[in-house]
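Peer 1: Structure supplied as run29.cif; contents: mmCIF, C-alpha atoms.
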data_input
#
loop_
_atom_site.label_atom_id
_atom_site.label_comp_id
_atom_site.auth_asym_id
_atom_site.auth_seq_id
_atom_site.Cartn_x
_atom_site.Cartn_y
_atom_site.Cartn_z
CA MET A 1 115.12 85.41 58.84
CA LEU A 2 114.92 87.99 56.04
CA ASP A 3 118.69 87.90 55.68
CA SER A 4 118.44 84.22 54.66
CA ILE A 5 116.30 85.01 51.61
CA ARG A 6 118.07 84.64 48.29
CA TRP A 7 116.08 87.37 46.57
CA VAL A 8 117.70 87.04 43.15
CA ARG A 9 117.21 83.28 43.09
CA VAL A 10 113.63 83.63 44.36
CA LEU A 11 112.76 86.13 41.63
CA VAL A 12 114.57 84.23 38.87
CA GLY A 13 113.02 80.97 40.09
CA GLY A 14 109.50 82.40 40.08
CA LEU A 15 109.96 83.89 36.62
CA GLY A 16 111.57 80.70 35.33
CA SER A 17 108.67 78.69 36.70
CA GLU A 18 106.15 80.80 34.81
CA LEU A 19 108.22 80.70 31.62
CA GLY A 20 108.33 76.91 31.96
CA VAL A 21 104.54 76.78 32.13
CA VAL A 22 104.25 78.92 29.00
CA ALA A 23 106.75 76.66 27.20
CA ALA A 24 104.85 73.54 28.26
CA LEU A 25 101.58 75.02 26.99
CA MET A 26 103.16 75.99 23.68
CA VAL A 27 104.57 72.50 23.19
CA ALA A 28 101.27 70.84 24.12
CA ILE A 29 99.31 73.06 21.75
CA ALA A 30 101.83 72.56 18.93
CA VAL A 31 101.74 68.79 19.35
CA TYR A 32 97.97 68.85 19.23
CA ARG A 33 97.86 71.19 16.25
CA TRP A 34 100.51 69.50 14.11
CA MET A 35 100.35 65.84 15.17
CA ILE A 36 97.02 65.00 16.74
CA ALA A 37 94.50 67.18 14.91
CA PRO A 38 95.99 69.03 11.94
CA GLY A 39 93.75 71.02 9.60
CA LEU A 40 91.16 72.39 12.04
CA SER A 41 89.81 75.93 11.86
CA PRO A 42 91.44 78.76 13.85
CA ASP A 43 88.36 78.89 16.10
CA ALA A 44 88.71 75.19 16.86
CA TYR A 45 92.37 75.69 17.80
CA ARG A 46 91.47 78.58 20.14
CA GLY A 47 89.09 76.29 21.99
CA ILE A 48 91.70 73.55 22.09
CA GLY A 49 94.26 76.01 23.45
CA GLU A 50 91.88 76.91 26.26
CA ARG A 51 91.27 73.26 27.14
CA VAL A 52 94.98 72.39 26.95
CA GLY A 53 95.74 75.29 29.27
CA TYR A 54 93.06 74.18 31.68
CA TYR A 55 94.53 70.69 32.02
CA VAL A 56 98.25 71.17 31.37
CA ALA A 57 98.98 74.41 33.26
CA PRO A 58 98.35 73.17 36.83
CA THR A 59 100.63 70.16 36.42
CA ALA A 60 103.24 72.15 34.51
CA GLY A 61 103.13 74.84 37.21
CA PHE A 62 103.79 72.28 39.92
CA VAL A 63 106.68 70.67 38.03
CA THR A 64 108.34 73.92 36.94
CA THR A 65 107.95 75.54 40.35
CA LEU A 66 109.37 72.45 42.02
CA GLY A 67 112.38 72.46 39.71
CA MET A 68 113.07 76.17 39.99
CA ALA A 69 112.57 76.20 43.75
CA ILE A 70 114.95 73.25 44.16
CA TRP A 71 117.50 75.27 42.22
CA ALA A 72 116.80 78.38 44.32
CA THR A 73 117.20 76.51 47.62
CA ARG A 74 120.06 74.21 46.72
CA GLY A 75 122.70 74.06 49.41
CA MET A 76 120.83 76.15 51.97
CA ALA A 77 121.39 75.13 55.57
CA SER A 78 118.41 77.15 56.82
CA GLY A 79 115.55 79.09 55.31
CA ALA A 80 115.12 76.70 52.41
CA VAL A 81 111.38 76.18 52.90
CA LEU A 82 110.79 79.93 53.11
CA ASN A 83 112.80 80.52 49.94
CA GLY A 84 110.98 77.71 48.14
CA VAL A 85 107.57 79.05 49.11
CA LEU A 86 108.66 82.51 47.99
CA VAL A 87 109.49 81.08 44.55
CA GLY A 88 105.93 79.73 44.49
CA ILE A 89 104.54 83.09 45.57
CA VAL A 90 106.43 84.91 42.81
CA SER A 91 105.18 82.39 40.26
CA VAL A 92 101.60 82.83 41.47
CA ALA A 93 101.94 86.63 41.49
CA ILE A 94 103.06 86.63 37.86
CA SER A 95 100.10 84.54 36.74
CA LEU A 96 97.51 86.14 39.07
CA PRO A 97 96.19 88.54 36.40
CA PHE A 98 95.06 85.51 34.38
CA PHE A 99 92.85 84.47 37.30
CA PHE A 100 90.94 87.75 37.16
CA SER A 101 90.45 87.54 33.40
CA ALA A 102 89.50 83.84 33.44
CA LYS A 103 86.01 82.54 32.94
CA PRO A 104 84.29 82.09 36.31
CA GLU A 105 84.08 78.34 35.78
CA HIS A 106 87.89 78.18 35.36
CA ARG A 107 88.76 80.07 38.53
CA LEU A 108 88.64 76.99 40.74
CA MET A 109 91.30 75.36 38.57
CA TYR A 110 93.43 78.50 38.87
CA GLY A 111 93.09 78.29 42.64
CA ILE A 112 94.17 74.65 42.56
CA ALA A 113 97.08 75.52 40.27
CA PHE A 114 98.19 78.30 42.62
CA ALA A 115 98.00 75.98 45.64
CA LEU A 116 100.07 73.40 43.76
CA ARG A 117 102.76 76.00 43.03
CA LEU A 118 102.96 77.01 46.68
CA ALA A 119 103.11 73.35 47.73
CA ALA A 120 105.83 72.70 45.16
CA GLY A 121 107.86 75.58 46.55
CA GLY A 122 107.56 74.26 50.09
CA LEU A 123 108.39 70.73 49.01
CA ALA A 124 111.40 71.99 47.12
CA GLY A 125 112.60 73.73 50.25
CA LEU A 126 112.43 70.43 52.10
CA LEU A 127 114.22 68.59 49.31
CA GLY A 128 116.76 71.24 48.34
CA HIS A 129 118.41 72.14 51.61
CA GLY A 130 121.52 70.58 53.01
#
Please express what this file holds, its structure, as structure tokens.
Peer 2:
Amino acid sequence: MLDSIRWVRVLVGGLGSELGVVAALMVAIAVYRWMIAPGLSPDAYRGIGERVGYYVAPTAGFVTTLGMAIWATRGMASGAVLNGVLVGIVSVAISLPFFFSAKPEHRLMYGIAFALRLAAGGLAGLLGHG
């Protein structure tokens, strides 16, 4: 079973998933700052960044993990689900420190976001093999 793990793809996929989330957050914040609500104070933008992260990150994490895990498992005849879930685990592991530094009221959303990443990895394994 361990010999069917594509370690490089799993690690690159997990890292790529997290980078995709960061990119999505940056785009969402930039759109808000420059197009939706230009001219606010820096404090206002910090609060907006927190809210954008709260709502955008879970969905972005699911989508980016799904995409990267599909890439990581593409063409696998066996072990695809395991590899996909491992991409999700790497992605969660990278962002886990944010959970511990998050406000207590935001930790539930982090838990949901982590579960979505693991589910996306498993789904990708089902979709990406063969």
Peer 1: Do you know which residues the PyMOL selection byres ((chain A and resi 76) around 12) returns on this file, as a PDB file with C-alpha atoms, keeping the file's coordinate frame?
Peer 2:
ATOM      1  CA  SER A   4     118.440  84.220  54.660  1.00  0.00           C
ATOM      2  CA  ILE A   5     116.300  85.010  51.610  1.00  0.00           C
ATOM      3  CA  ARG A   6     118.070  84.640  48.290  1.00  0.00           C
ATOM      4  CA  ARG A   9     117.210  83.280  43.090  1.00  0.00           C
ATOM      5  CA  ALA A  69     112.570  76.200  43.750  1.00  0.00           C
ATOM      6  CA  ILE A  70     114.950  73.250  44.160  1.00  0.00           C
ATOM      7  CA  TRP A  71     117.500  75.270  42.220  1.00  0.00           C
ATOM      8  CA  ALA A  72     116.800  78.380  44.320  1.00  0.00           C
ATOM      9  CA  THR A  73     117.200  76.510  47.620  1.00  0.00           C
ATOM     10  CA  ARG A  74     120.060  74.210  46.720  1.00  0.00           C
ATOM     11  CA  GLY A  75     122.700  74.060  49.410  1.00  0.00           C
ATOM     12  CA  ALA A  77     121.390  75.130  55.570  1.00  0.00           C
ATOM     13  CA  SER A  78     118.410  77.150  56.820  1.00  0.00           C
ATOM     14  CA  GLY A  79     115.550  79.090  55.310  1.00  0.00           C
ATOM     15  CA  ALA A  80     115.120  76.700  52.410  1.00  0.00           C
ATOM     16  CA  VAL A  81     111.380  76.180  52.900  1.00  0.00           C
ATOM     17  CA  LEU A  82     110.790  79.930  53.110  1.00  0.00           C
ATOM     18  CA  ASN A  83     112.800  80.520  49.940  1.00  0.00           C
ATOM     19  CA  GLY A  84     110.980  77.710  48.140  1.00  0.00           C
ATOM     20  CA  ALA A 124     111.400  71.990  47.120  1.00  0.00           C
ATOM     21  CA  GLY A 125     112.600  73.730  50.250  1.00  0.00           C
ATOM     22  CA  LEU A 126     112.430  70.430  52.100  1.00  0.00           C
ATOM     23  CA  LEU A 127     114.220  68.590  49.310  1.00  0.00           C
ATOM     24  CA  GLY A 128     116.760  71.240  48.340  1.00  0.00           C
ATOM     25  CA  HIS A 129     118.410  72.140  51.610  1.00  0.00           C
ATOM     26  CA  GLY A 130     121.520  70.580  53.010  1.00  0.00           C
TER      27      GLY A 130
END
Peer 1: Atom CA of A:Val90 to atom CA of A:Tyr110: how many Å, to one decimal?
Peer 2: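 For atom CA of A:Val90 relative to atom CA of A:Tyr110, the distance reads 15.0 Å.
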Peer 1: Have a look at A:Leu123, A:Leu15, A:Val52, A:Met68 and name the one nearest to A:Ala30; count only C-alpha atoms.
Peer 2: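 Of A:Leu123, A:Leu15, A:Val52, A:Met68, the one nearest A:Ala30, counting only C-alpha atoms, is A:Val52.
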Peer 1: Kindly give the distance, in Å, that separates atom CA of A:Phe100 and atom CA of A:Ile112, rounded to a single decimal.
Peer 2: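 Going from atom CA of A:Phe100 over to atom CA of A:Ile112 covers 14.5 Å.
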Peer 1: Quick one: residues within 10 Å of A:Thr59, only C-alpha atoms counted, chain neighbours fewer than 6 positions away excluded, as number ranges by chain?
Peer 2: A: 21, 24, 65, 112-113, 116-117
Peer 1: Dump C-alpha atoms for the selected residues as a short mmCIF file (atom, residue, chain, number, x, y, z; two decimals), keeping the file's coordinate frame?
Peer 2:
data_model
loop_
_atom_site.label_atom_id
_atom_site.label_comp_id
_atom_site.auth_asym_id
_atom_site.auth_seq_id
_atom_site.Cartn_x
_atom_site.Cartn_y
_atom_site.Cartn_z
CA VAL A 21 104.54 76.78 32.13
CA ALA A 24 104.85 73.54 28.26
CA THR A 65 107.95 75.54 40.35
CA ILE A 112 94.17 74.65 42.56
CA ALA A 113 97.08 75.52 40.27
CA LEU A 116 100.07 73.40 43.76
CA ARG A 117 102.76 76.00 43.03
#
Peer 1: Please, which residues are within 10 Å of (100.3, 82.9, 43.7) by the file's coordinates, counting all atoms listed in the file, and could they come as a PDB file with C-alpha atoms, in the coordinates of the input?
Peer 2:
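File out-v8.pdb, as written:
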ATOM      1  CA  GLY A  14     109.500  82.400  40.080  1.00  0.00           C
ATOM      2  CA  VAL A  85     107.570  79.050  49.110  1.00  0.00           C
ATOM      3  CA  LEU A  86     108.660  82.510  47.990  1.00  0.00           C
ATOM      4  CA  VAL A  87     109.490  81.080  44.550  1.00  0.00           C
ATOM      5  CA  GLY A  88     105.930  79.730  44.490  1.00  0.00           C
ATOM      6  CA  ILE A  89     104.540  83.090  45.570  1.00  0.00           C
ATOM      7  CA  VAL A  90     106.430  84.910  42.810  1.00  0.00           C
ATOM      8  CA  SER A  91     105.180  82.390  40.260  1.00  0.00           C
ATOM      9  CA  VAL A  92     101.600  82.830  41.470  1.00  0.00           C
ATOM     10  CA  ALA A  93     101.940  86.630  41.490  1.00  0.00           C
ATOM     11  CA  ILE A  94     103.060  86.630  37.860  1.00  0.00           C
ATOM     12  CA  SER A  95     100.100  84.540  36.740  1.00  0.00           C
ATOM     13  CA  LEU A  96      97.510  86.140  39.070  1.00  0.00           C
ATOM     14  CA  PHE A  99      92.850  84.470  37.300  1.00  0.00           C
ATOM     15  CA  TYR A 110      93.430  78.500  38.870  1.00  0.00           C
ATOM     16  CA  GLY A 111      93.090  78.290  42.640  1.00  0.00           C
ATOM     17  CA  ALA A 113      97.080  75.520  40.270  1.00  0.00           C
ATOM     18  CA  PHE A 114      98.190  78.300  42.620  1.00  0.00           C
ATOM     19  CA  ALA A 115      98.000  75.980  45.640  1.00  0.00           C
ATOM     20  CA  LEU A 116     100.070  73.400  43.760  1.00  0.00           C
ATOM     21  CA  ARG A 117     102.760  76.000  43.030  1.00  0.00           C
ATOM     22  CA  LEU A 118     102.960  77.010  46.680  1.00  0.00           C
TER      23      LEU A 118
END
Peer 1: Which residue, A:Ala44, A:Asp3, A:Gly53, A:Gly121, has the smallest gap to A:Ala23 when you use only C-alpha atoms?
Peer 2: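 Using only C-alpha atoms, the shortest distance to A:Ala23 belongs to A:Gly53.
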Peer 1: Between A:Leu40, A:Ala102, A:Met35, A:Val27, which is the closest to A:Ala60 once you count only C-alpha atoms?
Peer 2: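 For A:Ala60, the nearest of the candidates is A:Val27.
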Peer 1: May I ask for the distance between atom CA of A:Gly13 and atom CA of A:Tyr32, given in Å to one decimal place?
Peer 2: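 So the two atoms, atom CA of A:Gly13 and atom CA of A:Tyr32, lie 28.4 Å apart.
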Peer 1: Given only C-alpha atoms as the basis, pick out the residue of A:Ile36, A:Met109, A:Ala119, A:Leu19 nearest to A:Tyr55.
Peer 2: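 Of the candidates, the smallest distance to A:Tyr55 is held by A:Met109.
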Peer 1: Please determine an axis-aligned box that encloses all atoms of stretch 25-33 of chain A listed in the file, with 5 Å added on each side, and express its centre and edge lengths in Å to one decimal as AutoDock Vina command-line options.
Peer 2:
--center_x 101.2 --center_y 72.4 --center_z 21.6 --size_x 16.7 --size_y 17.2 --size_z 20.7
Peer 1: Write stretch 2-17 of chain A as a PDB file, in the frame of the given file, completed to N, CA and C atoms.
Peer 2:
ATOM      1  N   LEU A   2     114.914  87.340  57.350  1.00  0.00           N
ATOM      2  CA  LEU A   2     114.920  87.990  56.040  1.00  0.00           C
ATOM      3  C   LEU A   2     116.301  87.991  55.406  1.00  0.00           C
ATOM      4  N   ASP A   3     117.340  87.923  56.231  1.00  0.00           N
ATOM      5  CA  ASP A   3     118.690  87.900  55.680  1.00  0.00           C
ATOM      6  C   ASP A   3     119.028  86.546  55.043  1.00  0.00           C
ATOM      7  N   SER A   4     118.192  85.530  55.272  1.00  0.00           N
ATOM      8  CA  SER A   4     118.440  84.220  54.660  1.00  0.00           C
ATOM      9  C   SER A   4     117.701  84.047  53.329  1.00  0.00           C
ATOM     10  N   ILE A   5     117.038  85.110  52.870  1.00  0.00           N
ATOM     11  CA  ILE A   5     116.300  85.010  51.610  1.00  0.00           C
ATOM     12  C   ILE A   5     117.226  85.334  50.451  1.00  0.00           C
ATOM     13  N   ARG A   6     117.280  84.443  49.512  1.00  0.00           N
ATOM     14  CA  ARG A   6     118.070  84.640  48.290  1.00  0.00           C
ATOM     15  C   ARG A   6     117.160  85.322  47.258  1.00  0.00           C
ATOM     16  N   TRP A   7     117.053  86.632  47.364  1.00  0.00           N
ATOM     17  CA  TRP A   7     116.080  87.370  46.570  1.00  0.00           C
ATOM     18  C   TRP A   7     116.256  87.173  45.071  1.00  0.00           C
ATOM     19  N   VAL A   8     117.480  87.193  44.597  1.00  0.00           N
ATOM     20  CA  VAL A   8     117.700  87.040  43.150  1.00  0.00           C
ATOM     21  C   VAL A   8     117.247  85.649  42.704  1.00  0.00           C
ATOM     22  N   ARG A   9     117.628  84.634  43.453  1.00  0.00           N
ATOM     23  CA  ARG A   9     117.210  83.280  43.090  1.00  0.00           C
ATOM     24  C   ARG A   9     115.694  83.109  43.201  1.00  0.00           C
ATOM     25  N   VAL A  10     115.093  83.707  44.202  1.00  0.00           N
ATOM     26  CA  VAL A  10     113.630  83.630  44.360  1.00  0.00           C
ATOM     27  C   VAL A  10     112.944  84.250  43.154  1.00  0.00           C
ATOM     28  N   LEU A  11     113.384  85.436  42.758  1.00  0.00           N
ATOM     29  CA  LEU A  11     112.760  86.130  41.630  1.00  0.00           C
ATOM     30  C   LEU A  11     113.018  85.399  40.314  1.00  0.00           C
ATOM     31  N   VAL A  12     114.254  84.975  40.091  1.00  0.00           N
ATOM     32  CA  VAL A  12     114.570  84.230  38.870  1.00  0.00           C
ATOM     33  C   VAL A  12     113.824  82.905  38.851  1.00  0.00           C
ATOM     34  N   GLY A  13     113.740  82.241  40.006  1.00  0.00           N
ATOM     35  CA  GLY A  13     113.020  80.970  40.090  1.00  0.00           C
ATOM     36  C   GLY A  13     111.535  81.134  39.798  1.00  0.00           C
ATOM     37  N   GLY A  14     110.922  82.161  40.347  1.00  0.00           N
ATOM     38  CA  GLY A  14     109.500  82.400  40.080  1.00  0.00           C
ATOM     39  C   GLY A  14     109.246  82.723  38.618  1.00  0.00           C
ATOM     40  N   LEU A  15     110.096  83.562  38.036  1.00  0.00           N
ATOM     41  CA  LEU A  15     109.960  83.890  36.620  1.00  0.00           C
ATOM     42  C   LEU A  15     110.220  82.671  35.745  1.00  0.00           C
ATOM     43  N   GLY A  16     111.261  81.916  36.087  1.00  0.00           N
ATOM     44  CA  GLY A  16     111.570  80.700  35.330  1.00  0.00           C
ATOM     45  C   GLY A  16     110.447  79.683  35.395  1.00  0.00           C
ATOM     46  N   SER A  17     109.807  79.595  36.548  1.00  0.00           N
ATOM     47  CA  SER A  17     108.670  78.690  36.700  1.00  0.00           C
ATOM     48  C   SER A  17     107.551  79.070  35.743  1.00  0.00           C
TER      49      SER A  17
END
